[in-house]
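Visitor: Quick one, entry-v8.txt (compact mmCIF, C-alpha atoms and all ligand atoms):
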# COMPACT_ATOMS: atom_id res chain seq x y z
CA MET A 1 0.94 -251.44 -74.86
CA HIS A 2 1.02 -254.04 -77.66
CA VAL A 3 2.83 -257.22 -76.58
CA GLU A 4 5.43 -256.92 -79.39
CA ALA A 5 6.36 -253.42 -78.25
CA ALA A 6 6.40 -254.64 -74.64
CA ALA A 7 8.76 -257.46 -75.60
CA SER A 8 11.31 -255.19 -77.26
CA ALA A 9 11.12 -252.61 -74.47
CA ARG A 10 11.39 -255.02 -71.58
CA LYS A 11 14.30 -255.54 -69.26
CA PRO A 12 15.90 -258.98 -68.89
CA VAL A 13 13.68 -261.27 -66.85
CA THR A 14 15.61 -262.29 -63.73
CA ILE A 15 14.76 -264.45 -60.73
CA PRO A 16 14.18 -261.36 -58.51
CA ALA A 17 12.01 -259.90 -61.30
CA LEU A 18 9.80 -263.02 -61.20
CA LEU A 19 9.46 -262.64 -57.43
CA ALA A 20 8.46 -258.98 -57.94
CA MET A 21 5.88 -260.07 -60.56
CA LYS A 22 4.34 -262.39 -57.99
CA SER A 23 4.21 -259.68 -55.35
CA HIS A 24 2.60 -257.21 -57.83
CA GLY A 25 0.08 -259.82 -58.99
CA GLU A 26 1.51 -259.82 -62.56
CA LYS A 27 1.07 -263.20 -64.21
CA ILE A 28 4.16 -265.00 -65.54
CA ALA A 29 4.07 -266.56 -69.02
CA MET A 30 6.36 -269.57 -69.51
CA LEU A 31 6.68 -272.01 -72.41
CA THR A 32 8.89 -274.97 -73.20
CA CYS A 33 11.37 -274.53 -76.02
CA TYR A 34 13.91 -276.83 -77.61
CA ASP A 35 15.66 -274.97 -80.45
CA ALA A 36 16.97 -271.57 -81.50
CA SER A 37 14.30 -270.74 -84.10
CA PHE A 38 11.42 -271.18 -81.67
CA ALA A 39 13.47 -269.46 -78.97
CA ALA A 40 13.70 -266.34 -81.17
CA GLN A 41 9.92 -266.40 -81.61
CA ILE A 42 9.40 -266.85 -77.87
CA GLU A 43 11.72 -263.94 -77.16
CA ALA A 44 9.89 -261.71 -79.65
CA ALA A 45 6.48 -262.60 -78.16
CA GLY A 46 7.54 -261.46 -74.69
CA VAL A 47 7.38 -264.85 -72.98
CA ASP A 48 8.96 -264.40 -69.53
CA VAL A 49 10.51 -267.83 -69.04
CA ALA A 50 11.63 -270.48 -71.55
CA LEU A 51 11.94 -274.03 -70.24
CA VAL A 52 14.08 -276.60 -72.01
CA GLY A 53 11.94 -279.40 -70.65
CA ASP A 54 12.85 -283.06 -70.72
CA SER A 55 9.46 -283.32 -72.44
CA LEU A 56 11.73 -283.07 -75.50
CA GLY A 57 12.08 -286.84 -75.12
CA MET A 58 8.42 -287.16 -76.03
CA VAL A 59 7.68 -284.23 -78.36
CA VAL A 60 11.03 -284.04 -80.20
CA GLN A 61 12.34 -287.60 -79.98
CA GLY A 62 9.00 -289.41 -80.05
CA ARG A 63 9.66 -291.51 -76.94
CA ARG A 64 6.85 -292.79 -74.67
CA ASN A 65 8.16 -290.93 -71.63
CA THR A 66 10.95 -288.58 -70.53
CA LEU A 67 13.14 -291.16 -68.82
CA SER A 68 15.63 -291.81 -71.62
CA VAL A 69 16.62 -288.15 -72.05
CA THR A 70 20.31 -287.73 -71.33
CA LEU A 71 22.28 -284.83 -69.90
CA ASP A 72 24.12 -284.54 -73.23
CA GLU A 73 20.78 -284.10 -75.00
CA MET A 74 19.61 -281.52 -72.45
CA ALA A 75 22.91 -279.67 -72.90
CA TYR A 76 22.57 -279.68 -76.70
CA HIS A 77 19.03 -278.23 -76.62
CA THR A 78 19.77 -275.78 -73.79
CA ARG A 79 22.74 -274.36 -75.68
CA SER A 80 20.65 -274.04 -78.86
CA VAL A 81 17.86 -272.16 -77.06
CA ALA A 82 20.28 -269.94 -75.12
CA GLN A 83 21.81 -268.67 -78.40
CA ALA A 84 18.53 -267.01 -79.39
CA LEU A 85 17.40 -265.59 -76.05
CA ASP A 86 18.16 -262.13 -74.88
CA ASN A 87 15.73 -261.06 -72.14
CA THR A 88 13.83 -264.29 -71.54
CA LEU A 89 14.89 -266.26 -68.45
CA LEU A 90 16.12 -269.74 -69.38
CA VAL A 91 15.37 -272.78 -67.20
CA ALA A 92 16.62 -276.27 -68.06
CA ASP A 93 15.43 -279.62 -66.73
CA LEU A 94 17.82 -281.90 -64.91
CA PRO A 95 17.02 -285.23 -66.60
CA TYR A 96 16.11 -288.50 -64.90
CA MET A 97 18.81 -289.74 -62.48
CA SER A 98 21.11 -286.78 -63.19
CA TYR A 99 20.43 -285.46 -59.65
CA ARG A 100 20.41 -288.82 -57.86
CA ASP A 101 23.03 -287.50 -55.45
CA ALA A 102 24.61 -284.12 -54.73
CA LYS A 103 27.75 -284.78 -56.78
CA HIS A 104 25.83 -285.66 -59.95
CA ALA A 105 23.39 -282.80 -59.37
CA ARG A 106 26.25 -280.29 -59.06
CA GLU A 107 27.96 -281.57 -62.21
CA ALA A 108 24.73 -281.60 -64.21
CA SER A 109 23.80 -278.09 -63.04
CA ALA A 110 27.29 -276.77 -63.78
CA ARG A 111 26.89 -278.11 -67.31
CA LEU A 112 23.41 -276.64 -67.94
CA ILE A 113 24.02 -273.31 -66.19
CA GLY A 114 27.78 -272.80 -66.58
CA ASP A 115 28.39 -274.29 -70.02
CA CYS A 116 25.02 -273.98 -71.75
CA GLY A 117 23.54 -270.69 -70.52
CA ALA A 118 20.54 -271.65 -68.34
CA ALA A 119 19.79 -269.38 -65.38
CA MET A 120 18.09 -272.06 -63.34
CA VAL A 121 17.69 -275.84 -63.27
CA LYS A 122 14.41 -277.65 -62.65
CA LEU A 123 14.12 -280.95 -60.80
CA GLU A 124 11.20 -283.08 -59.70
CA GLY A 125 10.02 -284.11 -56.24
CA ALA A 126 10.45 -283.26 -52.57
CA GLY A 127 11.62 -285.51 -49.67
CA TRP A 128 15.28 -286.41 -50.30
CA VAL A 129 15.26 -283.99 -53.27
CA CYS A 130 15.10 -281.10 -50.76
CA GLY A 131 18.69 -281.94 -49.72
CA ILE A 132 19.77 -281.70 -53.36
CA ILE A 133 17.94 -278.36 -53.75
CA SER A 134 19.74 -276.89 -50.67
CA ASP A 135 23.09 -278.15 -51.90
CA LEU A 136 22.65 -276.59 -55.36
CA VAL A 137 21.28 -273.29 -54.08
CA ALA A 138 24.22 -272.97 -51.63
CA ARG A 139 26.50 -273.26 -54.69
CA GLU A 140 24.68 -270.58 -56.68
CA ALA A 141 22.77 -272.95 -58.91
CA PRO A 142 19.20 -271.56 -58.70
CA VAL A 143 16.51 -274.23 -58.59
CA CYS A 144 12.93 -274.49 -59.80
CA ALA A 145 11.08 -277.36 -58.10
CA HIS A 146 8.39 -279.45 -59.85
CA LEU A 147 5.57 -281.14 -57.90
CA GLY A 148 2.22 -282.76 -58.59
CA LEU A 149 2.41 -284.90 -61.71
CA THR A 150 6.16 -285.45 -61.91
CA PRO A 151 6.75 -287.19 -65.26
CA GLN A 152 10.04 -288.77 -64.14
CA ALA A 153 7.94 -290.74 -61.60
CA VAL A 154 5.55 -292.02 -64.27
CA HIS A 155 6.06 -295.69 -63.38
CA ARG A 156 5.42 -295.17 -59.64
CA LEU A 157 2.41 -292.93 -60.37
CA GLY A 158 1.00 -295.51 -62.79
CA GLY A 159 0.63 -293.02 -65.64
CA TYR A 160 0.11 -289.33 -66.31
CA LYS A 161 -2.61 -288.73 -63.72
CA VAL A 162 -3.91 -285.79 -61.70
CA GLN A 163 -2.18 -285.61 -58.29
CA GLY A 164 -3.27 -284.22 -54.92
CA ARG A 165 -6.86 -285.49 -55.06
CA GLY A 166 -8.36 -286.33 -51.66
CA GLN A 167 -7.45 -284.80 -48.34
CA ASP A 168 -4.34 -286.90 -47.50
CA ALA A 169 -2.77 -286.46 -50.92
CA ALA A 170 -3.58 -282.74 -50.87
CA GLU A 171 -1.96 -282.28 -47.44
CA ARG A 172 1.14 -284.21 -48.58
CA LEU A 173 1.47 -282.03 -51.65
CA PHE A 174 0.94 -278.86 -49.62
CA ALA A 175 3.68 -279.94 -47.17
CA ASP A 176 6.02 -280.80 -50.08
CA ALA A 177 5.49 -277.34 -51.58
CA LEU A 178 6.48 -275.67 -48.30
CA ALA A 179 9.46 -278.03 -48.01
CA VAL A 180 10.93 -277.25 -51.45
CA GLN A 181 10.55 -273.52 -50.74
CA ASP A 182 12.27 -273.98 -47.35
CA ALA A 183 15.05 -275.90 -49.09
CA GLY A 184 15.74 -272.85 -51.26
CA ALA A 185 13.80 -273.38 -54.49
CA GLU A 186 13.06 -270.02 -56.10
CA MET A 187 10.19 -271.14 -58.31
CA LEU A 188 7.76 -274.07 -58.32
CA VAL A 189 6.05 -275.77 -61.26
CA LEU A 190 2.82 -277.50 -60.20
CA GLU A 191 1.54 -279.99 -62.75
CA ALA A 192 -1.94 -281.57 -62.96
CA VAL A 193 -3.24 -280.59 -59.54
CA PRO A 194 -6.83 -279.62 -58.60
CA ALA A 195 -7.23 -275.86 -59.00
CA GLU A 196 -8.35 -275.34 -55.40
CA LEU A 197 -5.24 -276.99 -53.99
CA ALA A 198 -2.97 -275.10 -56.40
CA ALA A 199 -4.60 -271.82 -55.31
CA ARG A 200 -3.95 -272.67 -51.66
CA ILE A 201 -0.30 -273.50 -52.38
CA THR A 202 0.13 -270.31 -54.45
CA ARG A 203 -1.21 -268.18 -51.57
CA ALA A 204 0.99 -269.93 -49.00
CA LEU A 205 4.28 -269.68 -50.91
CA ALA A 206 6.44 -266.59 -51.31
CA ILE A 207 8.07 -267.95 -54.49
CA PRO A 208 6.28 -267.88 -57.88
CA VAL A 209 4.10 -270.93 -58.53
CA ILE A 210 3.72 -271.77 -62.22
CA GLY A 211 0.84 -274.05 -63.11
CA ILE A 212 0.34 -276.56 -65.90
CA GLY A 213 -3.08 -278.05 -65.42
CA ALA A 214 -3.27 -276.38 -62.00
CA GLY A 215 -5.82 -273.62 -62.55
CA ALA A 216 -5.82 -269.88 -63.06
CA ALA A 217 -4.91 -268.81 -59.53
CA CYS A 218 -1.23 -269.78 -59.96
CA ASP A 219 1.26 -266.93 -60.37
CA GLY A 220 1.91 -268.00 -63.94
CA GLN A 221 1.36 -270.71 -66.52
CA VAL A 222 3.56 -273.04 -68.53
CA LEU A 223 2.61 -275.20 -71.52
CA VAL A 224 4.52 -277.56 -73.75
CA LEU A 225 5.17 -275.50 -76.89
CA TYR A 226 4.09 -278.19 -79.35
CA ASP A 227 0.84 -278.78 -77.43
CA MET A 228 -0.11 -275.10 -77.59
CA LEU A 229 0.70 -275.02 -81.30
CA GLY A 230 -1.45 -278.13 -81.82
CA ILE A 231 1.37 -280.16 -83.39
CA THR A 232 1.94 -282.83 -80.72
CA PRO A 233 0.71 -286.13 -82.19
CA GLY A 234 -2.22 -287.75 -80.38
CA LYS A 235 -4.72 -286.30 -77.95
CA ARG A 236 -3.96 -282.85 -76.50
CA PRO A 237 -4.02 -282.80 -72.67
CA LYS A 238 -7.20 -281.32 -71.16
CA PHE A 239 -5.19 -278.47 -69.61
CA SER A 240 -3.66 -277.31 -72.90
CA LYS A 241 -5.11 -275.20 -75.71
CA ASP A 242 -4.28 -274.92 -79.40
CA PHE A 243 -3.47 -271.21 -79.74
CA LEU A 244 -2.29 -271.60 -83.36
CA ASP A 245 -5.75 -272.69 -84.45
CA GLU A 246 -7.29 -269.29 -83.65
CA ALA A 247 -4.22 -267.10 -84.20
CA GLY A 248 -3.20 -268.41 -87.63
CA SER A 249 0.59 -268.00 -87.31
CA VAL A 250 3.25 -269.03 -84.81
CA PRO A 251 4.16 -265.46 -83.75
CA ALA A 252 0.47 -264.56 -83.32
CA ALA A 253 -0.18 -267.78 -81.34
CA LEU A 254 2.70 -267.03 -78.98
CA ARG A 255 1.52 -263.45 -78.47
CA ALA A 256 -2.05 -264.66 -77.87
CA TYR A 257 -0.78 -267.09 -75.23
CA VAL A 258 1.21 -264.36 -73.43
CA GLU A 259 -1.79 -262.00 -73.48
CA ALA A 260 -4.20 -264.70 -72.30
CA VAL A 261 -1.91 -265.62 -69.39
CA ARG A 262 -1.24 -261.99 -68.43
CA GLN A 263 -4.96 -261.19 -68.45
CA GLY A 264 -5.93 -264.34 -66.55
CA ARG A 265 -8.00 -265.62 -69.52
CA PHE A 266 -5.94 -268.82 -69.74
CA PRO A 267 -6.53 -271.35 -68.30
CA ALA A 268 -10.32 -271.24 -68.63
CA ALA A 269 -12.76 -273.50 -66.78
CA GLU A 270 -12.47 -276.28 -69.38
CA HIS A 271 -8.67 -276.58 -68.82
CA VAL A 272 -8.93 -277.09 -65.06
CA TYR A 273 -9.23 -280.13 -62.74
O1 LIG B 1 9.52 -281.14 -69.34
C1 LIG B 1 8.63 -280.29 -69.40
O2 LIG B 1 8.22 -279.84 -70.46
C2 LIG B 1 8.03 -279.84 -68.16
C3 LIG B 1 6.77 -279.04 -68.26
C4 LIG B 1 5.64 -279.97 -68.45
C5 LIG B 1 6.57 -278.17 -67.08
O3 LIG B 1 8.52 -280.13 -67.11
So that I can check it, write out the structure of this file as structure tokens.
Guide:
Amino acid sequence: MHVEAAASARKPVTIPALLAMKSHGEKIAMLTCYDASFAAQIEAAGVDVALVGDSLGMVVQGRRNTLSVTLDEMAYHTRSVAQALDNTLLVADLPYMSYRDAKHAREASARLIGDCGAAMVKLEGAGWVCGIISDLVAREAPVCAHLGLTPQAVHRLGGYKVQGRGQDAAERLFADALAVQDAGAEMLVLEAVPAELAARITRALAIPVIGIGAGAACDGQVLVLYDMLGITPGKRPKFSKDFLDEAGSVPAALRAYVEAVRQGRFPAAEHVY
């Protein structure tokens, strides 16, 4: 079936539906999104999950990192995207320091899920973050975890670098992935991780693992929308691809991305660590 027809015929993407896609070996296509016009295009292309990422601090606001993004800004963009989505599952990032303790995490999640229309919040890290994940999940705030290159930790990491290289780092990351799943996370984004390690984590976890720079064996892929349209200023990350260049229009680029992810053609060898 053509992707456009598939998009209009499809049922709403839910968290259980994503779990079923993993168990059937169907790849999940996810993209970041920050406004209603692009959200309508993403919906029409049949993207499964839209992420209002705090990457908006960099690609929309032109900041050097994501750390200055506020909860008010996340709420504004999440509400804008939610207006235009029908069947696409909406995930919103909890910004830096908004989940520093359970009280703030609950309030921030209530805002993004309850007020703004997200179905799930995403937060970065494991360790003490696992306590926050359990607390949110127990209160019906579904959580997507984010491990590997966690941009909110850019200063500690010393830049935007591949994570999980070498045996000790790989074992730590593997243990963190199991820990966030045990804490109740229902999806995991793995960013900038060697493909072999990401494949091992994907096999070990029951929840969907969505890669960005983590190889083709993940259960799905996510890219920053402006990177995959080739409009982010500066050098495109190795793991991204300009789909607009070949496709010629935004709707065609989005459909090409969905098809490439579904068929396991993206990421290719040149996008992998
Ligand atoms: O903020 C964001 O866009 C993200 C993606 C890179 C996964 O977290």
Visitor: Determine the nearest neighbour of Val121 (chain A) from the options A:Ala260, A:Ala92, A:Leu147, A:Leu173, counting only C-alpha atoms.
Guide: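 Of A:Ala260, A:Ala92, A:Leu147, A:Leu173, the one nearest Val121 (chain A), counting only C-alpha atoms, is A:Ala92.
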Visitor: Please identify the residues whose atoms come within 10 Å of ligand LIG 1 (chain B), using all atoms listed in the file, and report them as a PyMOL selection string.
Guide: chain A and resi 30-34+51-59+66+92-95+122-124+145-147+149-152+188-192+210-213+221-226
Visitor: From the set A:Leu89, A:Ala170, A:Ile42, A:Ile133, which residue has the shortest atom-to-atom contact distance to Pro12 (chain A), counting all atoms listed in the file?
Guide: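 Nearest candidate to Pro12 (chain A) out of A:Leu89, A:Ala170, A:Ile42, A:Ile133: A:Leu89.
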Visitor: Using all atoms listed in the file, which protein or nucleic acid residues come within 7 Å of Ala185 (chain A)? Drop anything in the same chain fewer than 2 positions from it, and give the result as a PyMOL selection string.
Guide: chain A and resi 133+143-145+180-181+183+187
Visitor: Skipping near chain neighbours, those fewer than 2 positions away, what residues fall within 12 Å of region 82-85 of chain A using all atoms listed in the file, listed as a ChimeraX atom specification?
Guide: /A:7,12-13,33-52,74-80,87-92,112-119
Visitor: Produce a file of the selected residues containing C-alpha atoms, as a short mmCIF file (atom, residue, chain, number, x, y, z; two decimals), in the coordinates of the input.
Guide:
data_model
loop_
_atom_site.label_atom_id
_atom_site.label_comp_id
_atom_site.auth_asym_id
_atom_site.auth_seq_id
_atom_site.Cartn_x
_atom_site.Cartn_y
_atom_site.Cartn_z
CA ALA A 7 8.76 -257.46 -75.60
CA PRO A 12 15.90 -258.98 -68.89
CA VAL A 13 13.68 -261.27 -66.85
CA CYS A 33 11.37 -274.53 -76.02
CA TYR A 34 13.91 -276.83 -77.61
CA ASP A 35 15.66 -274.97 -80.45
CA ALA A 36 16.97 -271.57 -81.50
CA SER A 37 14.30 -270.74 -84.10
CA PHE A 38 11.42 -271.18 -81.67
CA ALA A 39 13.47 -269.46 -78.97
CA ALA A 40 13.70 -266.34 -81.17
CA GLN A 41 9.92 -266.40 -81.61
CA ILE A 42 9.40 -266.85 -77.87
CA GLU A 43 11.72 -263.94 -77.16
CA ALA A 44 9.89 -261.71 -79.65
CA ALA A 45 6.48 -262.60 -78.16
CA GLY A 46 7.54 -261.46 -74.69
CA VAL A 47 7.38 -264.85 -72.98
CA ASP A 48 8.96 -264.40 -69.53
CA VAL A 49 10.51 -267.83 -69.04
CA ALA A 50 11.63 -270.48 -71.55
CA LEU A 51 11.94 -274.03 -70.24
CA VAL A 52 14.08 -276.60 -72.01
CA MET A 74 19.61 -281.52 -72.45
CA ALA A 75 22.91 -279.67 -72.90
CA TYR A 76 22.57 -279.68 -76.70
CA HIS A 77 19.03 -278.23 -76.62
CA THR A 78 19.77 -275.78 -73.79
CA ARG A 79 22.74 -274.36 -75.68
CA SER A 80 20.65 -274.04 -78.86
CA ASN A 87 15.73 -261.06 -72.14
CA THR A 88 13.83 -264.29 -71.54
CA LEU A 89 14.89 -266.26 -68.45
CA LEU A 90 16.12 -269.74 -69.38
CA VAL A 91 15.37 -272.78 -67.20
CA ALA A 92 16.62 -276.27 -68.06
CA LEU A 112 23.41 -276.64 -67.94
CA ILE A 113 24.02 -273.31 -66.19
CA GLY A 114 27.78 -272.80 -66.58
CA ASP A 115 28.39 -274.29 -70.02
CA CYS A 116 25.02 -273.98 -71.75
CA GLY A 117 23.54 -270.69 -70.52
CA ALA A 118 20.54 -271.65 -68.34
CA ALA A 119 19.79 -269.38 -65.38
#
Visitor: Using all atoms listed in the file, which of A:Asp219, A:Leu197, A:Ala9, A:Ala17 sits nearest Gln263 (chain A)?
Guide: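 Of all the options, A:Asp219 lies closest to Gln263 (chain A).
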Visitor: Considering all atoms listed in the file, state which residue in the set A:Ala138, A:Ile28, A:Leu157, A:Ala108 is at the smallest distance from Gly184 (chain A).
Guide: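 Comparing A:Ala138, A:Ile28, A:Leu157, A:Ala108 against Gly184 (chain A), the winner is A:Ala138.
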Visitor: Counting all atoms listed in the file, figure out which residue out of A:Trp128, A:Glu196, A:Glu140, A:Ala177 gets nearest to Val209 (chain A).
Guide: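 Smallest separation from Val209 (chain A) among the options: A:Ala177.
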Visitor: Give me the residues near Val261 (chain A) as a PyMOL selection string, where near means some atom within 8 Å (using only C-alpha atoms) and where sequence neighbours in that chain fewer than 2 positions away do not count.
Guide: chain A and resi 27-29+220-221+257-259+263-267
Visitor: In Å, rounded to a single decimal, give me how far CA of Asp176 (chain A) is from CA of Leu19 (chain A).
Guide: 19.9 Å
